[in-house]
>>> print(open('entry_16.cif').read())   # mmCIF, N, CA and C atoms
data_work
#
loop_
_atom_site.label_atom_id
_atom_site.label_comp_id
_atom_site.auth_asym_id
_atom_site.auth_seq_id
_atom_site.Cartn_x
_atom_site.Cartn_y
_atom_site.Cartn_z
N MET I 1200 85.42 75.88 77.10
CA MET I 1200 85.53 74.56 77.71
C MET I 1200 86.66 73.78 77.06
N PRO I 1201 87.42 73.06 77.85
CA PRO I 1201 88.46 72.22 77.29
C PRO I 1201 87.87 71.07 76.49
N ALA I 1202 88.69 70.46 75.65
CA ALA I 1202 88.22 69.38 74.78
C ALA I 1202 87.71 68.19 75.58
N GLY I 1203 88.25 67.96 76.78
CA GLY I 1203 87.83 66.82 77.59
C GLY I 1203 86.48 67.02 78.26
N GLY I 1204 85.89 68.20 78.15
CA GLY I 1204 84.61 68.46 78.77
C GLY I 1204 84.70 68.86 80.23
N GLY I 1205 85.91 68.99 80.77
CA GLY I 1205 86.08 69.38 82.17
C GLY I 1205 85.95 70.88 82.34
N ALA I 1206 86.11 71.30 83.56
CA ALA I 1206 86.03 72.73 83.86
C ALA I 1206 87.26 73.44 83.30
N PRO I 1207 87.12 74.69 82.92
CA PRO I 1207 88.28 75.44 82.43
C PRO I 1207 89.33 75.58 83.54
N TYR I 1208 90.58 75.74 83.14
CA TYR I 1208 91.67 75.84 84.09
C TYR I 1208 91.54 77.12 84.89
N ALA I 1209 91.66 77.01 86.18
CA ALA I 1209 91.65 78.18 87.06
C ALA I 1209 92.92 78.16 87.88
N ALA I 1210 93.57 79.30 87.97
CA ALA I 1210 94.80 79.40 88.75
C ALA I 1210 94.47 79.20 90.23
N ARG I 1211 95.43 78.66 90.98
CA ARG I 1211 95.24 78.46 92.41
C ARG I 1211 95.17 79.81 93.10
N MET I 1212 94.19 79.96 93.94
CA MET I 1212 94.03 81.21 94.68
C MET I 1212 94.62 81.03 96.08
N VAL I 1213 95.05 82.14 96.66
CA VAL I 1213 95.50 82.11 98.04
C VAL I 1213 94.27 81.95 98.92
N THR I 1214 94.33 81.01 99.84
CA THR I 1214 93.16 80.76 100.68
C THR I 1214 93.10 81.74 101.84
N ARG I 1215 91.95 81.79 102.45
CA ARG I 1215 91.75 82.66 103.60
C ARG I 1215 92.67 82.26 104.76
N GLU I 1216 92.86 80.95 104.90
CA GLU I 1216 93.73 80.45 105.97
C GLU I 1216 95.16 80.93 105.77
N GLU I 1217 95.65 80.89 104.54
CA GLU I 1217 97.02 81.34 104.27
C GLU I 1217 97.19 82.82 104.55
N ILE I 1218 96.19 83.61 104.24
CA ILE I 1218 96.26 85.05 104.50
C ILE I 1218 96.25 85.32 106.00
N LEU I 1219 95.42 84.59 106.74
CA LEU I 1219 95.39 84.76 108.19
C LEU I 1219 96.71 84.36 108.83
N VAL I 1220 97.28 83.24 108.39
CA VAL I 1220 98.56 82.79 108.93
C VAL I 1220 99.65 83.79 108.58
N LEU I 1221 99.61 84.34 107.37
CA LEU I 1221 100.59 85.34 106.97
C LEU I 1221 100.50 86.57 107.87
N GLY I 1222 99.29 87.04 108.12
CA GLY I 1222 99.11 88.21 108.98
C GLY I 1222 99.58 87.96 110.40
N LEU I 1223 99.23 86.81 110.94
CA LEU I 1223 99.65 86.49 112.31
C LEU I 1223 101.16 86.32 112.40
N THR I 1224 101.73 85.63 111.43
CA THR I 1224 103.18 85.42 111.45
C THR I 1224 103.93 86.73 111.30
N ALA I 1225 103.49 87.56 110.35
CA ALA I 1225 104.15 88.85 110.14
C ALA I 1225 104.02 89.73 111.38
N GLY I 1226 102.86 89.72 112.00
CA GLY I 1226 102.67 90.53 113.20
C GLY I 1226 103.53 90.07 114.36
N VAL I 1227 103.56 88.78 114.59
CA VAL I 1227 104.33 88.24 115.72
C VAL I 1227 105.83 88.43 115.48
N VAL I 1228 106.31 88.02 114.32
CA VAL I 1228 107.75 88.14 114.03
C VAL I 1228 108.17 89.60 114.01
N GLY I 1229 107.36 90.44 113.37
CA GLY I 1229 107.70 91.86 113.30
C GLY I 1229 107.73 92.53 114.66
N SER I 1230 106.76 92.21 115.50
CA SER I 1230 106.75 92.85 116.82
C SER I 1230 107.85 92.31 117.71
N LEU I 1231 108.19 91.04 117.58
CA LEU I 1231 109.29 90.50 118.38
C LEU I 1231 110.63 91.11 117.97
N VAL I 1232 110.90 91.12 116.68
CA VAL I 1232 112.18 91.66 116.22
C VAL I 1232 112.24 93.18 116.45
N GLY I 1233 111.19 93.89 116.05
CA GLY I 1233 111.17 95.34 116.24
C GLY I 1233 111.19 95.72 117.70
N GLY I 1234 110.44 95.01 118.53
CA GLY I 1234 110.41 95.31 119.96
C GLY I 1234 111.74 95.02 120.63
N LEU I 1235 112.39 93.95 120.21
CA LEU I 1235 113.70 93.64 120.78
C LEU I 1235 114.72 94.71 120.40
N MET I 1236 114.71 95.11 119.14
CA MET I 1236 115.64 96.16 118.70
C MET I 1236 115.35 97.47 119.42
N LEU I 1237 114.07 97.79 119.55
CA LEU I 1237 113.68 99.03 120.23
C LEU I 1237 114.08 99.00 121.70
N GLY I 1238 113.81 97.89 122.38
CA GLY I 1238 114.12 97.79 123.80
C GLY I 1238 115.61 97.85 124.08
N VAL I 1239 116.39 97.08 123.35
CA VAL I 1239 117.83 97.08 123.56
C VAL I 1239 118.43 98.43 123.17
N GLY I 1240 117.96 98.98 122.04
CA GLY I 1240 118.49 100.27 121.58
C GLY I 1240 118.18 101.40 122.55
N LEU I 1241 116.95 101.44 123.04
CA LEU I 1241 116.61 102.49 124.01
C LEU I 1241 117.36 102.31 125.32
N GLY I 1242 117.55 101.06 125.72
CA GLY I 1242 118.33 100.80 126.93
C GLY I 1242 119.75 101.32 126.80
N LEU I 1243 120.34 101.10 125.65
CA LEU I 1243 121.70 101.61 125.42
C LEU I 1243 121.71 103.13 125.33
N ALA I 1244 120.72 103.71 124.64
CA ALA I 1244 120.69 105.16 124.47
C ALA I 1244 120.47 105.88 125.80
N VAL I 1245 119.64 105.32 126.67
CA VAL I 1245 119.37 105.94 127.97
C VAL I 1245 120.63 105.92 128.83
N GLN I 1246 121.43 104.89 128.68
CA GLN I 1246 122.66 104.79 129.47
C GLN I 1246 123.81 105.60 128.87
N GLY I 1247 123.54 106.29 127.78
CA GLY I 1247 124.56 107.16 127.20
C GLY I 1247 125.34 106.58 126.05
N ALA I 1248 125.05 105.35 125.65
CA ALA I 1248 125.74 104.73 124.52
C ALA I 1248 124.99 105.12 123.24
N HIS I 1249 125.60 105.98 122.46
CA HIS I 1249 124.93 106.48 121.26
C HIS I 1249 124.74 105.40 120.20
N ILE I 1250 125.44 104.31 120.32
CA ILE I 1250 125.27 103.21 119.37
C ILE I 1250 123.87 102.61 119.45
N GLY I 1251 123.18 102.84 120.57
CA GLY I 1251 121.81 102.34 120.72
C GLY I 1251 120.86 102.91 119.69
N TRP I 1252 121.14 104.11 119.21
CA TRP I 1252 120.27 104.71 118.19
C TRP I 1252 120.34 103.94 116.88
N LEU I 1253 121.45 103.23 116.65
CA LEU I 1253 121.54 102.41 115.44
C LEU I 1253 120.59 101.22 115.49
N LEU I 1254 120.14 100.87 116.67
CA LEU I 1254 119.13 99.82 116.81
C LEU I 1254 117.72 100.40 116.85
N VAL I 1255 117.56 101.57 117.44
CA VAL I 1255 116.23 102.16 117.62
C VAL I 1255 115.66 102.64 116.28
N LEU I 1256 116.45 103.36 115.52
CA LEU I 1256 115.93 104.00 114.31
C LEU I 1256 115.43 103.02 113.25
N PRO I 1257 116.13 101.92 112.95
CA PRO I 1257 115.61 101.02 111.93
C PRO I 1257 114.68 99.93 112.46
N ALA I 1258 114.26 99.99 113.71
CA ALA I 1258 113.45 98.91 114.29
C ALA I 1258 112.13 98.73 113.55
N ALA I 1259 111.40 99.79 113.31
CA ALA I 1259 110.09 99.67 112.64
C ALA I 1259 110.23 99.28 111.18
N PRO I 1260 111.12 99.89 110.40
CA PRO I 1260 111.25 99.44 109.00
C PRO I 1260 111.68 97.98 108.86
N ILE I 1261 112.55 97.52 109.73
CA ILE I 1261 112.97 96.12 109.65
C ILE I 1261 111.82 95.19 110.01
N ALA I 1262 111.00 95.58 110.98
CA ALA I 1262 109.83 94.77 111.34
C ALA I 1262 108.86 94.70 110.17
N GLY I 1263 108.66 95.81 109.48
CA GLY I 1263 107.79 95.80 108.30
C GLY I 1263 108.37 95.02 107.15
N LEU I 1264 109.68 95.06 106.99
CA LEU I 1264 110.35 94.33 105.92
C LEU I 1264 110.17 92.83 106.09
N LEU I 1265 110.15 92.36 107.32
CA LEU I 1265 109.93 90.93 107.55
C LEU I 1265 108.54 90.51 107.07
N GLY I 1266 107.54 91.33 107.35
CA GLY I 1266 106.19 91.03 106.85
C GLY I 1266 106.14 91.04 105.34
N TYR I 1267 106.84 91.97 104.71
CA TYR I 1267 106.89 92.04 103.26
C TYR I 1267 107.54 90.79 102.67
N LEU I 1268 108.62 90.33 103.27
CA LEU I 1268 109.29 89.12 102.78
C LEU I 1268 108.40 87.89 102.93
N LEU I 1269 107.67 87.81 104.02
CA LEU I 1269 106.74 86.68 104.20
C LEU I 1269 105.63 86.72 103.15
N ALA I 1270 105.13 87.90 102.82
CA ALA I 1270 104.09 88.02 101.81
C ALA I 1270 104.61 87.63 100.43
N ARG I 1271 105.85 88.01 100.12
CA ARG I 1271 106.44 87.63 98.83
C ARG I 1271 106.60 86.11 98.74
N ARG I 1272 106.97 85.48 99.85
CA ARG I 1272 107.11 84.03 99.85
C ARG I 1272 105.76 83.35 99.59
N LEU I 1273 104.70 83.89 100.17
CA LEU I 1273 103.37 83.35 99.93
C LEU I 1273 102.95 83.57 98.48
N ALA I 1274 103.26 84.73 97.92
CA ALA I 1274 102.88 85.02 96.54
C ALA I 1274 103.62 84.12 95.55
N LYS I 1275 104.82 83.68 95.87
CA LYS I 1275 105.56 82.78 94.98
C LYS I 1275 104.91 81.40 94.90
N GLN I 1276 104.13 81.02 95.90
CA GLN I 1276 103.48 79.71 95.89
C GLN I 1276 102.33 79.66 94.90
N VAL I 1277 101.80 80.79 94.53
CA VAL I 1277 100.66 80.82 93.61
C VAL I 1277 101.19 80.81 92.18
N PRO I 1278 100.78 79.82 91.38
CA PRO I 1278 101.27 79.78 90.00
C PRO I 1278 100.69 80.92 89.18
N PRO I 1279 101.40 81.37 88.16
CA PRO I 1279 100.86 82.45 87.31
C PRO I 1279 99.64 81.97 86.54
N ALA I 1280 98.74 82.90 86.25
CA ALA I 1280 97.54 82.58 85.47
C ALA I 1280 97.92 82.25 84.03
N PRO I 1281 97.23 81.30 83.41
CA PRO I 1281 97.52 80.99 82.01
C PRO I 1281 97.11 82.15 81.10
N ARG I 1282 97.80 82.26 79.97
CA ARG I 1282 97.48 83.33 79.03
C ARG I 1282 96.65 82.83 77.90
#
>>> encode(input="entry_16.cif", output="structure tokens")
Amino acid sequence: MPAGGGAPYAARMVTREEILVLGLTAGVVGSLVGGLMLGVGLGLAVQGAHIGWLLVLPAAPIAGLLGYLLARRLAKQVPPAPR
């Protein structure tokens, strides 16, 4: 117990709401960006433009990377636990 008689210090936890918003945001942004890259890339590849494969192949990893970056941003909001 602290000297003031208050509750011991507890680090801020990520709330359920923040996790839900993170999941929804990552899903929506990832599917929009990945789907757009996939659609445009496949459209180009079907018409014979081989440059379309440069959009198709990294579509899924880039969509996942956006979710990862959003999660890192949320994790930075949580202060480190005291030692």
>>> resolve_selection(input="entry_16.cif", expression="the PyMOL selection byres ((chain I and resi 1266) around 7)", output="compact mmCIF listing (two decimals) with N, CA and C atoms, keeping the file's coordinate frame")
# COMPACT_ATOMS: atom_id res chain seq x y z
N THR I 1224 101.73 85.63 111.43
CA THR I 1224 103.18 85.42 111.45
C THR I 1224 103.93 86.73 111.30
N ALA I 1225 103.49 87.56 110.35
CA ALA I 1225 104.15 88.85 110.14
C ALA I 1225 104.02 89.73 111.38
N GLY I 1226 102.86 89.72 112.00
CA GLY I 1226 102.67 90.53 113.20
C GLY I 1226 103.53 90.07 114.36
N VAL I 1228 106.31 88.02 114.32
CA VAL I 1228 107.75 88.14 114.03
C VAL I 1228 108.17 89.60 114.01
N GLY I 1229 107.36 90.44 113.37
CA GLY I 1229 107.70 91.86 113.30
C GLY I 1229 107.73 92.53 114.66
N ILE I 1261 112.55 97.52 109.73
CA ILE I 1261 112.97 96.12 109.65
C ILE I 1261 111.82 95.19 110.01
N ALA I 1262 111.00 95.58 110.98
CA ALA I 1262 109.83 94.77 111.34
C ALA I 1262 108.86 94.70 110.17
N GLY I 1263 108.66 95.81 109.48
CA GLY I 1263 107.79 95.80 108.30
C GLY I 1263 108.37 95.02 107.15
N LEU I 1264 109.68 95.06 106.99
CA LEU I 1264 110.35 94.33 105.92
C LEU I 1264 110.17 92.83 106.09
N LEU I 1265 110.15 92.36 107.32
CA LEU I 1265 109.93 90.93 107.55
C LEU I 1265 108.54 90.51 107.07
N TYR I 1267 106.84 91.97 104.71
CA TYR I 1267 106.89 92.04 103.26
C TYR I 1267 107.54 90.79 102.67
N LEU I 1268 108.62 90.33 103.27
CA LEU I 1268 109.29 89.12 102.78
C LEU I 1268 108.40 87.89 102.93
N LEU I 1269 107.67 87.81 104.02
CA LEU I 1269 106.74 86.68 104.20
C LEU I 1269 105.63 86.72 103.15
N ALA I 1270 105.13 87.90 102.82
CA ALA I 1270 104.09 88.02 101.81
C ALA I 1270 104.61 87.63 100.43
N ARG I 1271 105.85 88.01 100.12
CA ARG I 1271 106.44 87.63 98.83
C ARG I 1271 106.60 86.11 98.74
>>> residues_around(input="entry_16.cif", residues="region 1235-1245 of chain I", least_positions_apart="3", cutoff="8 Å", atoms="only N, CA and C atoms", output="list in words")
Gly1229, Ser1230, Leu1231, Val1232, Ala1248, His1249, Ile1250, Gly1251, Trp1252, Leu1253, Leu1254, Val1255, Leu1256, Pro1257, Ala1258 and Ala1259 of chain I
>>> select_by_dssp(input="entry_16.cif", residues="chain I", states="helix (DSSP H, G or I)", output="count of residues only")
57
>>> atom_distance(input="entry_16.cif", atom1="atom C of Gln1276 (chain I)", atom2="atom N of Ile1218 (chain I)")
11.9 Å
>>> atom_distance(input="entry_16.cif", atom1="atom N of Gly1247 (chain I)", atom2="atom C of Gly1234 (chain I)")
17.8 Å
>>> atom_distance(input="entry_16.cif", atom1="CA of Val1213 (chain I)", atom2="atom N of Pro1260 (chain I)")
26.7 Å
>>> axis_aligned_box(input="entry_16.cif", around="region 1214-1222 of chain I", padding_each_side="6 Å", output="AutoDock Vina command-line options")
--center_x 96.2 --center_y 84.3 --center_z 105.1 --size_x 20.8 --size_y 19.8 --size_z 22.6
